[in-house]
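Chemist: Provided herewith is a single structure, encoded as structure tokens, for subsequent inquiry.
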Amino acid sequence: MRTVATTGIVVDIQGQGKEDGSKEKRIIALRADMDALLMTESNKTLDYCSVNEGVAHMCGHDGHMTCLIGFIKLLMPHIQLIPSHLTIRLLWQPAEECPGGAIPMIKEGCMQDVSEVYGFHNWSDGNIGQVAVKPGPVMACGSLFK
């Protein structure tokens, strides 16, 4: 585990399973955002209300972080099924809603040698217990790197 972009976190989990015939080392990254927004929570009766005036987690980022931690909990009992040439890289990106999160993380190497990256976003229109996947950018702004 290492920190990047001041408060960002990068965790690499190496597969421990048998090789699957491919000798190519691969890194698959999963990303969650984790910034607070520059606003004050007006509903002070919430158990999870921010205790810091002027900043609050109000658009699901706590859920994003929790889901990535939940992924680790689901993955680790089955880590022996992930081939040893495969690394799962977990990225907790700060400052998604304001300038500064992704670019410093990339400059500090979080995407080095990454073959694939998957982002995650809560979406209340989806069905409980289902995951929707779509090729290409979904949500806000998408960029392609070559």
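Residue numbers start at 1 in each chain; chains themselves are named A, B, ... in the order of the structure tokens; ligands are numbered from 1 in the order shown.
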Would you pick out the contacts of Ile13 (chain A) at 10 Å or less, using only C-alpha atoms, so that residues sharing its chain but fewer than 4 positions from it are not included, and give the list as a PyMOL selection string?

Modeler: chain A and resi 1+27+72+75-76+79+82+86-90

Chemist: Return as a PyMOL selection string the full set of residues in chain A whose backbone-based DSSP assignment is strand (DSSP E).

Modeler: chain A and resi 2-4+8-14+26-33+86-93+116-119

Chemist: Could you check the closest approach to Trp92 (chain A) for each of A:Gly21, A:Gly119, A:Gly15, A:Gly54 and tell me which residue wins, using only C-alpha atoms?

Modeler: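 That would be A:Gly119, the residue with the smallest distance to Trp92 (chain A).
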
Chemist: Tell me, in Å to one decimal, how far CA of Val51 (chain A) is from CA of Arg2 (chain A).

Modeler: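 Computing the Euclidean distance for CA of Val51 (chain A) and CA of Arg2 (chain A) yields 27.0 Å.
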
Chemist: Please report the interatomic distance between CA of Thr7 (chain A) and CA of Gln93 (chain A) in Å with one decimal.

Modeler: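 So the answer is 8.0 Å.
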
Chemist: Which neighbours of Asp20 (chain A) fall inside 12 Å, counting only C-alpha atoms, when residues of the same chain fewer than 4 positions from it are skipped, and could you give them as a list in words?

Modeler: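 Selected residues are Gly15, Gln16, Glu24, Lys25, Leu81, Ile82, Pro83, Ser84, His85 and Leu86 of chain A.
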
Chemist: Using only C-alpha atoms, determine which residues lie at most 12 Å from Leu46 (chain A), disregarding the query and same-chain residues fewer than 5 positions distant; provide the list as a ChimeraX atom specification.

Modeler: /A:41,51,56,58

Chemist: Go through A:Glu53, A:Asn127, A:Leu91, A:Phe120 and flag the residue nearest Ile106 (chain A), using only C-alpha atoms for the distances.

Modeler: A:Leu91

Chemist: Need the shell around His121 (chain A): protein/DNA/RNA residues with any atom at most 9 Å away, counting only C-alpha atoms. Skip same-chain ones fewer than 6 positions apart. Format as a ChimeraX atom specification?

Modeler: /A:32-33,60-61,63-64,139

Chemist: Please save N, CA, C and O atoms of the selected residues as a compact mmCIF listing (two decimals), in the first residue's frame.

Modeler:
```txt
# COMPACT_ATOMS: atom_id res chain seq x y z
N ALA A 32 -12.00 3.89 -7.20
CA ALA A 32 -13.12 4.51 -6.49
C ALA A 32 -12.69 5.92 -6.11
O ALA A 32 -11.52 6.17 -5.83
N ASP A 33 -13.64 6.84 -6.12
CA ASP A 33 -13.32 8.21 -5.71
C ASP A 33 -13.62 8.38 -4.24
O ASP A 33 -14.39 7.64 -3.65
N GLY A 60 -22.20 10.01 -2.62
CA GLY A 60 -21.97 8.57 -2.74
C GLY A 60 -20.53 8.12 -2.61
O GLY A 60 -20.25 6.94 -2.69
N HIS A 61 -19.60 9.04 -2.41
CA HIS A 61 -18.20 8.64 -2.36
C HIS A 61 -17.90 7.71 -1.20
O HIS A 61 -17.05 6.83 -1.32
N GLY A 63 -19.86 5.46 -0.21
CA GLY A 63 -20.29 4.17 -0.76
C GLY A 63 -19.28 3.60 -1.73
O GLY A 63 -19.03 2.39 -1.74
N HIS A 64 -18.67 4.46 -2.56
CA HIS A 64 -17.66 3.99 -3.51
C HIS A 64 -16.48 3.38 -2.78
O HIS A 64 -16.01 2.29 -3.13
N MET A 139 -20.76 8.17 -17.63
CA MET A 139 -20.83 9.26 -16.66
C MET A 139 -19.97 10.43 -17.15
O MET A 139 -19.46 10.43 -18.24
```

Chemist: Can you pull out the residues contacting Pro94 (chain A)? Cut-off 10 Å, using only C-alpha atoms, and skip same-chain residues under 6 positions away; I want them as an MDAnalysis selection string.

Modeler: chainID A and resid 4:9 32:36 61 100:102 104:105

Chemist: Please produce an output containing C-alpha atoms for each residue in the selection, written as an mmCIF file, in the first residue's frame.

Modeler:
```cif
data_model
loop_
_atom_site.group_PDB
_atom_site.id
_atom_site.type_symbol
_atom_site.label_atom_id
_atom_site.label_comp_id
_atom_site.auth_asym_id
_atom_site.auth_seq_id
_atom_site.Cartn_x
_atom_site.Cartn_y
_atom_site.Cartn_z
ATOM 1 C CA VAL A 4 -0.183 9.217 -3.907
ATOM 2 C CA ALA A 5 -1.555 12.702 -4.592
ATOM 3 C CA THR A 6 -1.345 13.490 -0.858
ATOM 4 C CA THR A 7 -4.407 11.451 0.216
ATOM 5 C CA GLY A 8 -4.855 8.921 -2.614
ATOM 6 C CA ILE A 9 -4.201 5.245 -1.952
ATOM 7 C CA ALA A 32 -13.116 4.505 -6.495
ATOM 8 C CA ASP A 33 -13.321 8.207 -5.713
ATOM 9 C CA MET A 34 -13.116 9.522 -2.196
ATOM 10 C CA ASP A 35 -13.435 13.258 -1.979
ATOM 11 C CA ALA A 36 -15.598 15.392 0.213
ATOM 12 C CA HIS A 61 -18.196 8.640 -2.364
ATOM 13 C CA GLY A 100 -6.214 17.687 -8.781
ATOM 14 C CA GLY A 101 -7.070 14.015 -8.180
ATOM 15 C CA ALA A 102 -6.341 11.866 -11.224
ATOM 16 C CA PRO A 104 -1.236 13.796 -9.634
ATOM 17 C CA MET A 105 -1.968 10.093 -9.127
#
```

Chemist: Residues of region 2-104 of chain A classed as alpha helix (DSSP H) by DSSP on the backbone are to be reported as an NGL selection string.

Modeler: :A and (61-75 or 102-104)
